[in-house]
file upload-v4.txt (compact mmCIF, C-alpha atoms)
# COMPACT_ATOMS: atom_id res chain seq x y z
CA MET A 1 65.29 31.65 -16.37
CA LYS A 2 61.56 32.02 -16.91
CA SER A 3 58.88 31.14 -14.42
CA PHE A 4 55.15 31.32 -14.20
CA ALA A 5 52.51 30.86 -11.49
CA VAL A 6 49.83 28.19 -11.54
CA GLU A 7 46.83 28.47 -9.23
CA SER A 8 45.47 25.02 -8.39
CA ASP A 9 41.99 24.30 -7.03
CA GLY A 10 43.20 21.47 -4.80
CA GLU A 11 43.90 17.78 -4.56
CA ASN A 12 44.35 15.76 -7.74
CA GLN A 13 43.83 18.60 -10.17
CA VAL A 14 45.75 18.16 -13.41
CA ILE A 15 46.65 21.43 -15.17
CA ASP A 16 47.89 21.73 -18.75
CA VAL A 17 50.96 24.01 -18.79
CA THR A 18 52.13 23.25 -22.34
CA GLU A 19 51.28 26.68 -23.69
CA GLU A 20 53.18 28.46 -20.93
CA VAL A 21 56.28 26.35 -21.58
CA GLN A 22 56.00 26.90 -25.32
CA LYS A 23 55.60 30.66 -24.76
CA ALA A 24 58.83 30.72 -22.75
CA ILE A 25 60.65 29.20 -25.73
CA SER A 26 59.04 31.55 -28.24
CA ALA A 27 59.97 34.58 -26.13
CA ALA A 28 63.62 33.52 -25.91
CA ASP A 29 66.30 33.78 -28.54
CA VAL A 30 66.76 30.00 -28.91
CA SER A 31 65.61 27.52 -31.52
CA ASP A 32 67.23 24.20 -30.60
CA GLY A 33 67.74 22.84 -27.11
CA VAL A 34 66.13 21.45 -24.00
CA ALA A 35 63.45 22.99 -21.76
CA THR A 36 63.64 21.86 -18.14
CA VAL A 37 60.26 22.31 -16.45
CA PHE A 38 60.46 22.23 -12.65
CA VAL A 39 57.76 22.75 -10.02
CA VAL A 40 58.99 24.26 -6.76
CA GLY A 41 57.65 22.41 -3.68
CA SER A 42 57.23 18.85 -2.46
CA THR A 43 53.52 18.14 -3.02
CA ALA A 44 53.12 18.67 -6.77
CA ALA A 45 54.65 17.02 -9.84
CA ILE A 46 55.30 17.47 -13.57
CA THR A 47 54.77 14.84 -16.27
CA THR A 48 53.14 14.46 -19.70
CA MET A 49 49.81 12.94 -20.62
CA GLU A 50 47.04 13.18 -23.17
CA PHE A 51 45.13 16.02 -21.54
CA GLU A 52 41.53 14.85 -21.82
CA PRO A 53 38.73 14.63 -19.24
CA GLY A 54 39.09 10.89 -18.71
CA LEU A 55 42.81 10.63 -18.04
CA VAL A 56 42.88 13.66 -15.76
CA LYS A 57 40.73 11.49 -13.47
CA ASP A 58 42.43 8.15 -14.19
CA PHE A 59 45.96 9.28 -13.36
CA PRO A 60 45.17 10.61 -9.86
CA ALA A 61 42.91 7.60 -9.29
CA MET A 62 45.80 5.22 -9.98
CA LEU A 63 48.03 7.14 -7.58
CA GLY A 64 45.27 7.06 -4.99
CA ARG A 65 45.44 3.27 -5.08
CA VAL A 66 49.22 3.38 -4.64
CA ALA A 67 49.15 5.93 -1.81
CA PRO A 68 45.63 6.11 -0.38
CA LYS A 69 44.54 9.12 1.62
CA SER A 70 43.01 6.87 4.27
CA GLY A 71 43.61 3.30 5.33
CA VAL A 72 47.40 3.73 5.48
CA GLU A 73 49.20 5.22 8.46
CA TYR A 74 51.74 7.81 7.40
CA GLU A 75 54.65 8.63 9.69
CA HIS A 76 54.49 12.17 8.31
CA GLN A 77 50.98 12.43 9.76
CA ARG A 78 52.05 11.15 13.17
CA ARG A 79 54.69 13.86 13.38
CA TRP A 80 53.14 16.86 11.65
CA HIS A 81 49.35 16.29 11.64
CA ASP A 82 48.88 18.16 8.39
CA GLY A 83 46.93 15.47 6.59
CA ASN A 84 49.06 15.33 3.45
CA GLY A 85 51.49 12.42 3.88
CA HIS A 86 49.92 10.73 0.85
CA SER A 87 50.41 13.95 -1.16
CA HIS A 88 54.13 14.01 -0.44
CA VAL A 89 54.87 10.41 -1.41
CA LYS A 90 52.93 10.71 -4.68
CA ALA A 91 54.81 13.90 -5.59
CA SER A 92 58.17 12.21 -4.95
CA LEU A 93 57.13 9.22 -7.06
CA VAL A 94 56.06 11.19 -10.14
CA GLY A 95 58.83 13.76 -9.71
CA PRO A 96 59.10 17.57 -9.89
CA SER A 97 61.08 17.85 -13.12
CA LEU A 98 60.76 17.14 -16.84
CA SER A 99 63.24 17.83 -19.64
CA ILE A 100 61.80 18.25 -23.12
CA PRO A 101 63.79 18.84 -26.31
CA PHE A 102 62.71 21.62 -28.66
CA VAL A 103 63.60 22.03 -32.33
CA ASP A 104 62.97 25.10 -34.52
CA GLY A 105 61.43 26.73 -31.46
CA GLU A 106 58.84 23.98 -30.93
CA LEU A 107 58.62 21.35 -28.18
CA VAL A 108 58.91 17.84 -29.69
CA LEU A 109 55.69 16.64 -28.05
CA GLY A 110 53.27 14.24 -29.68
CA GLU A 111 49.91 15.50 -30.90
CA TRP A 112 48.15 14.06 -27.85
CA GLN A 113 50.92 14.69 -25.35
CA GLN A 114 50.69 17.71 -23.07
CA VAL A 115 52.93 18.93 -20.26
CA VAL A 116 50.95 18.86 -17.02
CA LEU A 117 51.29 19.93 -13.42
CA VAL A 118 49.57 17.57 -10.97
CA GLU A 119 48.49 19.06 -7.66
CA PHE A 120 48.68 16.51 -4.85
CA ASP A 121 48.27 18.77 -1.83
CA ILE A 122 44.95 18.72 -0.01
CA ARG A 123 44.14 22.37 -0.62
CA ALA A 124 44.36 25.01 -3.33
CA ARG A 125 47.93 26.16 -3.85
CA SER A 126 49.77 28.80 -5.80
CA ARG A 127 52.59 26.98 -7.62
CA GLU A 128 55.75 28.37 -9.16
CA VAL A 129 56.90 26.56 -12.28
CA VAL A 130 60.41 27.29 -13.50
CA VAL A 131 61.33 26.83 -17.17
CA GLN A 132 65.04 26.80 -17.79
CA LEU A 133 66.07 26.82 -21.46
CA MET A 134 69.42 25.52 -22.60
CA GLY A 135 70.32 25.71 -26.28
CA GLU A 136 71.11 28.10 -29.05
CA MET B 1 81.56 16.91 -14.63
CA LYS B 2 81.49 16.64 -10.85
CA SER B 3 80.76 13.52 -8.89
CA PHE B 4 80.61 12.47 -5.29
CA ALA B 5 80.31 9.20 -3.39
CA VAL B 6 77.43 8.30 -1.10
CA GLU B 7 77.76 5.41 1.34
CA SER B 8 74.37 3.86 2.05
CA ASP B 9 73.54 1.67 5.03
CA GLY B 10 71.18 -0.56 3.06
CA GLU B 11 67.65 -1.08 1.86
CA ASN B 12 65.23 1.87 1.86
CA GLN B 13 67.64 4.43 3.24
CA VAL B 14 66.91 7.95 2.03
CA ILE B 15 69.94 10.25 1.93
CA ASP B 16 69.83 14.03 1.53
CA VAL B 17 72.36 15.05 -1.16
CA THR B 18 71.21 18.65 -1.62
CA GLU B 19 74.31 20.17 -0.08
CA GLU B 20 76.64 18.16 -2.31
CA VAL B 21 74.75 19.24 -5.43
CA GLN B 22 74.72 22.87 -4.30
CA LYS B 23 78.47 22.68 -3.57
CA ALA B 24 79.11 21.48 -7.12
CA ILE B 25 77.36 24.59 -8.42
CA SER B 26 79.14 26.93 -6.03
CA ALA B 27 82.53 25.47 -7.01
CA ALA B 28 81.87 25.98 -10.72
CA ASP B 29 81.97 29.17 -12.71
CA VAL B 30 78.25 29.16 -13.54
CA SER B 31 75.32 31.13 -12.19
CA ASP B 32 72.33 30.20 -14.37
CA GLY B 33 71.55 26.80 -15.79
CA VAL B 34 70.50 23.24 -15.06
CA ALA B 35 72.09 20.67 -12.75
CA THR B 36 71.52 17.07 -13.85
CA VAL B 37 71.89 14.72 -10.88
CA PHE B 38 72.38 11.08 -11.89
CA VAL B 39 73.03 7.99 -9.78
CA VAL B 40 75.11 5.31 -11.47
CA GLY B 41 73.63 1.82 -11.09
CA SER B 42 70.26 0.09 -11.38
CA THR B 43 69.12 -0.30 -7.75
CA ALA B 44 69.06 3.30 -6.49
CA ALA B 45 67.13 6.40 -7.52
CA ILE B 46 67.08 10.21 -7.29
CA THR B 47 64.05 12.38 -6.51
CA THR B 48 63.04 15.27 -4.25
CA MET B 49 61.08 15.22 -1.00
CA GLU B 50 60.69 17.07 2.26
CA PHE B 51 63.55 15.40 4.10
CA GLU B 52 62.02 14.72 7.51
CA PRO B 53 61.92 11.56 9.63
CA GLY B 54 58.34 10.67 8.70
CA LEU B 55 58.53 10.84 4.93
CA VAL B 56 61.86 9.01 4.74
CA LYS B 57 59.86 6.05 6.06
CA ASP B 58 56.61 6.72 4.17
CA PHE B 59 58.17 6.88 0.71
CA PRO B 60 59.92 3.48 0.87
CA ALA B 61 56.83 2.04 2.59
CA MET B 62 54.66 3.06 -0.36
CA LEU B 63 57.10 1.50 -2.80
CA GLY B 64 57.16 -1.65 -0.70
CA ARG B 65 53.44 -1.99 -1.31
CA VAL B 66 53.95 -1.52 -5.06
CA ALA B 67 56.87 -3.97 -5.28
CA PRO B 68 56.93 -6.14 -2.15
CA LYS B 69 60.08 -7.96 -1.16
CA SER B 70 58.12 -11.14 -0.52
CA GLY B 71 54.80 -12.46 -1.78
CA VAL B 72 55.59 -11.68 -5.42
CA GLU B 73 57.68 -13.98 -7.63
CA TYR B 74 60.32 -12.04 -9.54
CA GLU B 75 61.72 -13.49 -12.77
CA HIS B 76 64.98 -11.75 -11.86
CA GLN B 77 65.13 -13.92 -8.74
CA ARG B 78 64.45 -17.15 -10.67
CA ARG B 79 67.42 -16.43 -12.91
CA TRP B 80 69.97 -14.74 -10.69
CA HIS B 81 69.05 -15.67 -7.08
CA ASP B 82 70.39 -12.40 -5.69
CA GLY B 83 67.29 -11.42 -3.76
CA ASN B 84 66.88 -7.93 -5.17
CA GLY B 85 64.32 -8.14 -7.98
CA HIS B 86 62.07 -5.79 -6.02
CA SER B 87 64.98 -3.33 -5.66
CA HIS B 88 65.49 -3.17 -9.41
CA VAL B 89 61.89 -2.49 -10.36
CA LYS B 90 61.51 0.25 -7.74
CA ALA B 91 64.68 1.97 -8.97
CA SER B 92 63.43 1.91 -12.58
CA LEU B 93 60.09 3.34 -11.49
CA VAL B 94 61.48 6.31 -9.54
CA GLY B 95 64.33 6.83 -11.99
CA PRO B 96 68.08 7.56 -11.75
CA SER B 97 68.06 11.16 -12.93
CA LEU B 98 66.81 14.59 -11.92
CA SER B 99 67.29 17.95 -13.65
CA ILE B 100 67.07 21.02 -11.45
CA PRO B 101 67.36 24.62 -12.62
CA PHE B 102 69.66 26.98 -10.73
CA VAL B 103 69.61 30.78 -10.73
CA ASP B 104 72.26 33.12 -9.29
CA GLY B 105 74.16 30.01 -8.26
CA GLU B 106 71.29 28.57 -6.19
CA LEU B 107 69.08 25.55 -6.88
CA VAL B 108 65.44 26.65 -7.28
CA LEU B 109 64.20 24.18 -4.66
CA GLY B 110 61.37 24.89 -2.25
CA GLU B 111 62.12 25.48 1.41
CA TRP B 112 60.97 21.95 2.28
CA GLN B 113 62.21 20.25 -0.86
CA GLN B 114 65.50 18.36 -0.76
CA VAL B 115 67.33 16.29 -3.37
CA VAL B 116 67.55 12.72 -2.16
CA LEU B 117 69.15 9.45 -3.13
CA VAL B 118 67.03 6.41 -2.29
CA GLU B 119 68.88 3.13 -1.76
CA PHE B 120 66.79 0.14 -2.86
CA ASP B 121 69.43 -2.58 -2.84
CA ILE B 122 69.34 -5.13 -0.01
CA ARG B 123 72.76 -4.27 1.35
CA ALA B 124 74.98 -1.29 2.04
CA ARG B 125 76.37 0.18 -1.16
CA SER B 126 78.86 2.82 -2.20
CA ARG B 127 77.07 5.00 -4.76
CA GLU B 128 78.50 7.38 -7.32
CA VAL B 129 76.37 10.44 -7.99
CA VAL B 130 77.25 12.52 -11.05
CA VAL B 131 76.34 16.21 -11.21
CA GLN B 132 76.56 17.66 -14.68
CA LEU B 133 76.14 21.44 -14.89
CA MET B 134 74.99 23.16 -18.06
CA GLY B 135 74.73 26.94 -18.12
CA GLU B 136 76.77 30.06 -17.97
CA MET C 1 68.82 17.19 -32.59
CA LYS C 2 69.10 13.51 -33.36
CA SER C 3 66.24 11.06 -33.46
CA PHE C 4 65.73 7.41 -34.22
CA ALA C 5 62.77 5.11 -34.75
CA VAL C 6 61.96 2.12 -32.55
CA GLU C 7 59.50 -0.50 -33.75
CA SER C 8 57.78 -2.16 -30.80
CA ASP C 9 55.98 -5.51 -30.90
CA GLY C 10 53.27 -4.40 -28.47
CA GLU C 11 52.24 -4.13 -24.87
CA ASN C 12 54.90 -4.31 -22.16
CA GLN C 13 57.86 -4.79 -24.46
CA VAL C 14 61.09 -3.35 -23.06
CA ILE C 15 63.62 -2.27 -25.70
CA ASP C 16 67.28 -1.46 -25.04
CA VAL C 17 68.11 1.84 -26.79
CA THR C 18 71.49 2.47 -25.12
CA GLU C 19 73.50 1.88 -28.27
CA GLU C 20 71.42 4.32 -30.31
CA VAL C 21 71.85 7.03 -27.67
CA GLN C 22 75.58 6.37 -27.44
CA LYS C 23 75.85 6.50 -31.24
CA ALA C 24 74.20 9.94 -31.26
CA ILE C 25 76.91 11.17 -28.90
CA SER C 26 79.74 9.56 -30.85
CA ALA C 27 78.47 11.10 -34.10
CA ALA C 28 78.36 14.59 -32.59
CA ASP C 29 81.21 16.96 -31.87
CA VAL C 30 80.74 16.89 -28.09
CA SER C 31 82.61 15.15 -25.30
CA ASP C 32 81.10 16.44 -22.05
CA GLY C 33 77.47 17.22 -21.40
CA VAL C 34 73.97 15.84 -20.98
CA ALA C 35 71.93 13.65 -23.33
CA THR C 36 68.18 14.16 -22.99
CA VAL C 37 66.32 11.09 -24.29
CA PHE C 38 62.63 11.74 -25.00
CA VAL C 39 59.96 9.47 -26.45
CA VAL C 40 57.26 11.26 -28.42
CA GLY C 41 53.73 10.11 -27.51
CA SER C 42 51.69 9.41 -24.39
CA THR C 43 51.73 5.59 -24.12
CA ALA C 44 55.46 4.81 -23.89
CA ALA C 45 58.18 5.73 -21.42
CA ILE C 46 61.96 5.97 -20.95
CA THR C 47 63.92 4.79 -17.92
CA THR C 48 67.01 2.72 -17.07
CA MET C 49 67.25 -0.86 -15.87
CA GLU C 50 69.51 -3.87 -15.96
CA PHE C 51 68.41 -5.21 -19.33
CA GLU C 52 68.10 -8.93 -18.66
CA PRO C 53 65.27 -11.41 -19.43
CA GLY C 54 63.93 -11.44 -15.87
CA LEU C 55 63.56 -7.71 -15.22
CA VAL C 56 62.05 -7.01 -18.62
CA LYS C 57 59.14 -9.10 -17.36
CA ASP C 58 59.23 -7.93 -13.71
CA PHE C 59 59.02 -4.21 -14.45
CA PRO C 60 55.86 -4.38 -16.62
CA ALA C 61 54.40 -6.92 -14.16
CA MET C 62 54.77 -4.45 -11.29
CA LEU C 63 53.11 -1.72 -13.32
CA GLY C 64 50.32 -4.12 -14.22
CA ARG C 65 49.55 -4.44 -10.52
CA VAL C 66 49.52 -0.64 -10.15
CA ALA C 67 47.33 -0.05 -13.23
CA PRO C 68 45.67 -3.33 -14.23
CA LYS C 69 44.32 -3.78 -17.74
CA SER C 70 41.10 -5.23 -16.36
CA GLY C 71 39.31 -4.96 -13.04
CA VAL C 72 39.62 -1.16 -12.92
CA GLU C 73 37.25 1.18 -14.74
CA TYR C 74 39.10 3.87 -16.65
CA GLU C 75 37.33 7.11 -17.51
CA HIS C 76 39.46 7.21 -20.65
CA GLN C 77 37.81 3.96 -21.73
CA ARG C 78 34.30 5.26 -21.06
CA ARG C 79 34.95 8.21 -23.36
CA TRP C 80 37.18 6.84 -26.10
CA HIS C 81 36.70 3.04 -26.10
CA ASP C 82 40.24 2.41 -27.29
CA GLY C 83 41.20 -0.04 -24.58
CA ASN C 84 44.39 1.66 -23.45
CA GLY C 85 43.55 3.75 -20.39
CA HIS C 86 45.93 1.63 -18.33
CA SER C 87 48.68 2.26 -20.94
CA HIS C 88 48.33 6.02 -20.60
CA VAL C 89 48.52 6.20 -16.81
CA LYS C 90 51.58 3.91 -16.69
CA ALA C 91 53.37 6.04 -19.28
CA SER C 92 52.67 9.22 -17.29
CA LEU C 93 53.92 7.57 -14.12
CA VAL C 94 57.27 6.38 -15.52
CA GLY C 95 57.69 9.47 -17.69
CA PRO C 96 58.78 10.18 -21.28
CA SER C 97 62.16 11.76 -20.57
CA LEU C 98 65.56 10.90 -19.16
CA SER C 99 68.67 13.09 -18.83
CA ILE C 100 72.00 11.29 -18.72
CA PRO C 101 75.40 12.94 -18.30
CA PHE C 102 78.21 11.92 -20.65
CA VAL C 103 81.94 12.39 -20.13
CA ASP C 104 84.70 11.89 -22.70
CA GLY C 105 81.99 10.93 -25.15
CA GLU C 106 80.59 8.11 -23.00
CA LEU C 107 77.30 7.91 -21.07
CA VAL C 108 77.99 7.58 -17.33
CA LEU C 109 75.83 4.47 -16.99
CA GLY C 110 76.63 1.58 -14.68
CA GLU C 111 77.81 -1.71 -16.13
CA TRP C 112 74.36 -3.25 -15.62
CA GLN C 113 72.34 -0.13 -16.39
CA GLN C 114 70.81 0.29 -19.81
CA VAL C 115 68.55 2.98 -21.28
CA VAL C 116 65.22 1.42 -22.20
CA LEU C 117 62.00 2.34 -23.95
CA VAL C 118 58.94 0.66 -22.46
CA GLU C 119 55.97 0.18 -24.75
CA PHE C 120 52.68 0.40 -22.87
CA ASP C 121 50.24 0.65 -25.77
CA ILE C 122 48.15 -2.43 -26.60
CA ARG C 123 49.50 -2.85 -30.10
CA ALA C 124 52.75 -2.64 -32.03
CA ARG C 125 53.85 0.96 -32.51
CA SER C 126 56.53 2.85 -34.38
CA ARG C 127 58.13 5.18 -31.82
CA GLU C 128 60.23 8.27 -32.37
CA VAL C 129 62.95 8.80 -29.78
CA VAL C 130 64.62 12.22 -29.72
CA VAL C 131 68.16 12.60 -28.35
CA GLN C 132 69.09 16.20 -27.63
CA LEU C 133 72.74 16.75 -26.72
CA MET C 134 73.86 19.75 -24.71
CA GLY C 135 77.55 20.23 -23.97
CA GLU C 136 80.84 20.93 -25.60
call {"tool": "encode", "arguments": {"input": "upload-v4.txt", "output": "C-alpha cells"}}
result
Amino acid sequence: MKSFAVESDGENQVIDVTEEVQKAISAADVSDGVATVFVVGSTAAITTMEFEPGLVKDFPAMLGRVAPKSGVEYEHQRRWHDGNGHSHVKASLVGPSLSIPFVDGELVLGEWQQVVLVEFDIRARSREVVVQLMGE
Amino acid sequence: MKSFAVESDGENQVIDVTEEVQKAISAADVSDGVATVFVVGSTAAITTMEFEPGLVKDFPAMLGRVAPKSGVEYEHQRRWHDGNGHSHVKASLVGPSLSIPFVDGELVLGEWQQVVLVEFDIRARSREVVVQLMGE
Amino acid sequence: MKSFAVESDGENQVIDVTEEVQKAISAADVSDGVATVFVVGSTAAITTMEFEPGLVKDFPAMLGRVAPKSGVEYEHQRRWHDGNGHSHVKASLVGPSLSIPFVDGELVLGEWQQVVLVEFDIRARSREVVVQLMGE
C-alpha cells in the first residue's frame, strides 16, 4: 500500500493527483494491473476530469446546484451544527474511490483526463489518499 | 467470493454494511489488498458516508430533488408501469460498486466513514451484496 | 489487458457493453476475480442499468436537468468554445470506471442489470474501453 497527503485550501477545490498515483506505480515492481485510488474521509471525493481552469469551477458549480449550501435544510445540520451537510452528500454522490487500469507501468488515462481529488468540506483539510496496486 | 444478504425496508433506506465487509476480510487469508463491494440489481447502490441519523435522510433527499418520484415523466413508467423509474436512474447515478483498499486486514476507512447500501426501489427488497477480495 | 472500441452516435447514447466485458473474461484463463471496466476520455462514463428503451432515455434526461446544455454558463465554454462543458461535468459525476466481481467465469450482474457506456460528448465518438481482469 502507498499513500500520500494532499493539503486542500477549502471548499470546492479540485486537486490534480495524477502524478502522485503514477509515481506510486513507477516506484512499485508492477507493470500491468489496477490502481485503486481511495480518499479517507466522508467530505471529499475522487474522480477524473480534464484538469483545466474552467472545469475545476464548473464541476463544483454543478454539485452546488444539486446540493446547495444554503436554501436547503440538512438534517445533519440540525443535529451537529457543523455547517457541512451539503459537503457530505456531495462526497457520497461522487464517491471516494476510483479504479484505473495500468499497462506497461502507465495509467490508461486519456490525454485530457486527470485523476482529481475534490474537496467538499468547508475548510482547509489535510487528506490522506491511499493507492493500492494489484497486478504483476 | 463472499456474499451476504441485506433485507431492506423500502425506498431510501440507508444500511450500514461496513461490519459485513470487514468480516469477509477477517475470515479470509489476506492482509493487504482491495475489497470490491458490489450490489446485484439495478435499483440499489453502494457508497460511503458518515452513518448518522441526519445524513441517512439528507442523502436520499438530495437524490429525490435530482430524480423526483412525481412531477417528472419517466419513459420507464410509460412502458413498464412499475412505478420505479426514479429508483433506477438514482441507482445508476450512485453506482453499484465500490473498491476499498485494506491494510493489515483492516479497511482504510475514516473514523466517520461507513460503507452503505442505499435502497432506491419502492418496496422492501432482499439484496445480495458480493465482496470480492484481491490481495495477499 | 483487454480493450475494445465502441462507436457512439452522439450525445446521450447509452450502449450496452456487457457482452464485450463477458467475452474478455471468457477469453482469459481466470474464473474468479474482478473486472475493472474503464472508458478512456473525459466526456463518457461507465455504470450499470436495466438496458431497456425507457431508461436509456430517462438516465440522460435526469443528467440533463442536473447539467443542462443551455441556460447555465460553463467556464469551460468561455475558455474553449467547444460546446461541451455540460458533457464534461456529467462524465465526472457518473465516473469512468466500474469494478465488477466475476465467479466461475461469469459477471455477478443481476438479470436486469447491464454494463453500459454513456456518451456525453456532443458528437459521435470512437471510444476505447479497457477491461482489466484481476483474479485466478
call {"tool": "residues_around", "arguments": {"input": "upload-v4.txt", "residues": "B:Met62", "least_positions_apart": "5", "cutoff": "12 Å", "atoms": "only C-alpha atoms", "output": "ChimeraX atom specification"}}
result
/A:63-69,72-75,85-90,92-93 /B:12,55-57,67-68,90,94 /C:66
call {"tool": "interface_residues", "arguments": {"input": "upload-v4.txt", "of": "chain A", "to": "chain C", "cutoff": "9 Å", "atoms": "only C-alpha atoms", "output": "JSON, numbers by chain"}}
result
{"A": [32, 33, 34, 47, 48, 49, 50, 52, 53, 54, 55, 56, 57, 58, 59, 60, 62, 63, 65, 66, 93, 94, 98, 99, 100, 101, 102, 103, 108, 109, 110, 111, 112, 113, 114, 134, 135]}
call {"tool": "calpha_fit_and_write", "arguments": {"input": "upload-v4.txt", "fixed": "chain B", "moving": "chain A", "output": "compact mmCIF listing (two decimals) with C-alpha atoms, in the coordinates of the input"}}
result
# COMPACT_ATOMS: atom_id res chain seq x y z
CA MET A 1 81.57 16.93 -14.62
CA LYS A 2 81.51 16.64 -10.84
CA SER A 3 80.76 13.51 -8.89
CA PHE A 4 80.62 12.47 -5.30
CA ALA A 5 80.32 9.19 -3.38
CA VAL A 6 77.43 8.30 -1.10
CA GLU A 7 77.77 5.41 1.34
CA SER A 8 74.36 3.87 2.05
CA ASP A 9 73.53 1.67 5.04
CA GLY A 10 71.18 -0.55 3.04
CA GLU A 11 67.65 -1.07 1.86
CA ASN A 12 65.24 1.86 1.86
CA GLN A 13 67.63 4.43 3.23
CA VAL A 14 66.90 7.95 2.01
CA ILE A 15 69.95 10.25 1.92
CA ASP A 16 69.84 14.03 1.53
CA VAL A 17 72.36 15.05 -1.16
CA THR A 18 71.20 18.65 -1.62
CA GLU A 19 74.30 20.18 -0.09
CA GLU A 20 76.64 18.17 -2.30
CA VAL A 21 74.75 19.25 -5.43
CA GLN A 22 74.72 22.86 -4.28
CA LYS A 23 78.47 22.69 -3.55
CA ALA A 24 79.12 21.49 -7.11
CA ILE A 25 77.36 24.60 -8.42
CA SER A 26 79.16 26.94 -6.03
CA ALA A 27 82.54 25.49 -7.01
CA ALA A 28 81.86 25.98 -10.72
CA ASP A 29 81.98 29.17 -12.72
CA VAL A 30 78.25 29.17 -13.56
CA SER A 31 75.32 31.13 -12.19
CA ASP A 32 72.33 30.21 -14.36
CA GLY A 33 71.55 26.79 -15.78
CA VAL A 34 70.49 23.25 -15.05
CA ALA A 35 72.08 20.66 -12.75
CA THR A 36 71.52 17.07 -13.85
CA VAL A 37 71.89 14.71 -10.88
CA PHE A 38 72.39 11.08 -11.90
CA VAL A 39 73.03 7.99 -9.79
CA VAL A 40 75.11 5.30 -11.49
CA GLY A 41 73.62 1.80 -11.08
CA SER A 42 70.25 0.09 -11.38
CA THR A 43 69.12 -0.31 -7.75
CA ALA A 44 69.06 3.29 -6.49
CA ALA A 45 67.13 6.40 -7.52
CA ILE A 46 67.09 10.21 -7.29
CA THR A 47 64.05 12.37 -6.52
CA THR A 48 63.02 15.27 -4.25
CA MET A 49 61.08 15.20 -1.02
CA GLU A 50 60.69 17.06 2.24
CA PHE A 51 63.55 15.39 4.09
CA GLU A 52 62.02 14.70 7.50
CA PRO A 53 61.92 11.54 9.63
CA GLY A 54 58.35 10.65 8.71
CA LEU A 55 58.53 10.83 4.93
CA VAL A 56 61.86 9.01 4.74
CA LYS A 57 59.86 6.04 6.07
CA ASP A 58 56.62 6.72 4.16
CA PHE A 59 58.18 6.87 0.70
CA PRO A 60 59.93 3.47 0.88
CA ALA A 61 56.84 2.03 2.58
CA MET A 62 54.66 3.07 -0.37
CA LEU A 63 57.11 1.50 -2.81
CA GLY A 64 57.15 -1.65 -0.70
CA ARG A 65 53.42 -1.98 -1.31
CA VAL A 66 53.95 -1.53 -5.05
CA ALA A 67 56.87 -3.96 -5.28
CA PRO A 68 56.93 -6.13 -2.15
CA LYS A 69 60.08 -7.95 -1.16
CA SER A 70 58.11 -11.13 -0.52
CA GLY A 71 54.81 -12.45 -1.77
CA VAL A 72 55.60 -11.67 -5.42
CA GLU A 73 57.67 -13.96 -7.62
CA TYR A 74 60.31 -12.04 -9.53
CA GLU A 75 61.72 -13.48 -12.74
CA HIS A 76 64.99 -11.75 -11.86
CA GLN A 77 65.13 -13.93 -8.73
CA ARG A 78 64.47 -17.13 -10.66
CA ARG A 79 67.41 -16.40 -12.93
CA TRP A 80 69.97 -14.72 -10.69
CA HIS A 81 69.05 -15.65 -7.08
CA ASP A 82 70.38 -12.39 -5.70
CA GLY A 83 67.28 -11.42 -3.75
CA ASN A 84 66.89 -7.92 -5.16
CA GLY A 85 64.31 -8.13 -7.97
CA HIS A 86 62.05 -5.77 -6.00
CA SER A 87 64.98 -3.33 -5.65
CA HIS A 88 65.49 -3.16 -9.40
CA VAL A 89 61.87 -2.49 -10.36
CA LYS A 90 61.51 0.26 -7.74
CA ALA A 91 64.69 1.95 -8.97
CA SER A 92 63.43 1.90 -12.57
CA LEU A 93 60.08 3.34 -11.48
CA VAL A 94 61.47 6.31 -9.54
CA GLY A 95 64.32 6.84 -12.00
CA PRO A 96 68.08 7.54 -11.75
CA SER A 97 68.06 11.14 -12.94
CA LEU A 98 66.79 14.58 -11.92
CA SER A 99 67.29 17.93 -13.64
CA ILE A 100 67.06 21.02 -11.44
CA PRO A 101 67.36 24.62 -12.61
CA PHE A 102 69.66 26.98 -10.72
CA VAL A 103 69.61 30.78 -10.74
CA ASP A 104 72.25 33.13 -9.29
CA GLY A 105 74.16 30.02 -8.25
CA GLU A 106 71.29 28.58 -6.19
CA LEU A 107 69.08 25.55 -6.89
CA VAL A 108 65.43 26.65 -7.28
CA LEU A 109 64.19 24.18 -4.66
CA GLY A 110 61.36 24.91 -2.27
CA GLU A 111 62.11 25.47 1.41
CA TRP A 112 60.98 21.94 2.28
CA GLN A 113 62.22 20.24 -0.86
CA GLN A 114 65.50 18.35 -0.76
CA VAL A 115 67.33 16.30 -3.38
CA VAL A 116 67.55 12.71 -2.16
CA LEU A 117 69.16 9.44 -3.13
CA VAL A 118 67.03 6.39 -2.29
CA GLU A 119 68.88 3.13 -1.77
CA PHE A 120 66.80 0.15 -2.87
CA ASP A 121 69.43 -2.58 -2.84
CA ILE A 122 69.34 -5.11 -0.02
CA ARG A 123 72.77 -4.26 1.35
CA ALA A 124 74.99 -1.27 2.04
CA ARG A 125 76.38 0.19 -1.16
CA SER A 126 78.87 2.81 -2.20
CA ARG A 127 77.07 5.00 -4.77
CA GLU A 128 78.51 7.38 -7.33
CA VAL A 129 76.38 10.43 -8.00
CA VAL A 130 77.24 12.51 -11.05
CA VAL A 131 76.34 16.21 -11.21
CA GLN A 132 76.56 17.65 -14.67
CA LEU A 133 76.14 21.43 -14.88
CA MET A 134 75.01 23.15 -18.04
CA GLY A 135 74.74 26.93 -18.10
CA GLU A 136 76.76 30.08 -17.98
call {"tool": "atom_distance", "arguments": {"input": "upload-v4.txt", "atom1": "atom CA of C:Arg123", "atom2": "atom CA of C:Glu11"}}
result
6.0 Å
call {"tool": "atom_distance", "arguments": {"input": "upload-v4.txt", "atom1": "atom CA of A:Glu106", "atom2": "atom CA of A:Ser26"}}
result
8.0 Å
call {"tool": "atom_distance", "arguments": {"input": "upload-v4.txt", "atom1": "atom CA of A:Gly10", "atom2": "atom CA of A:Ile46"}}
result
15.5 Å
call {"tool": "residues_around", "arguments": {"input": "upload-v4.txt", "residues": "C:Asp9", "least_positions_apart": "2", "cutoff": "10 Å", "atoms": "only C-alpha atoms", "output": "number ranges by chain"}}
result
C: 6-7, 11-15, 119, 121-126
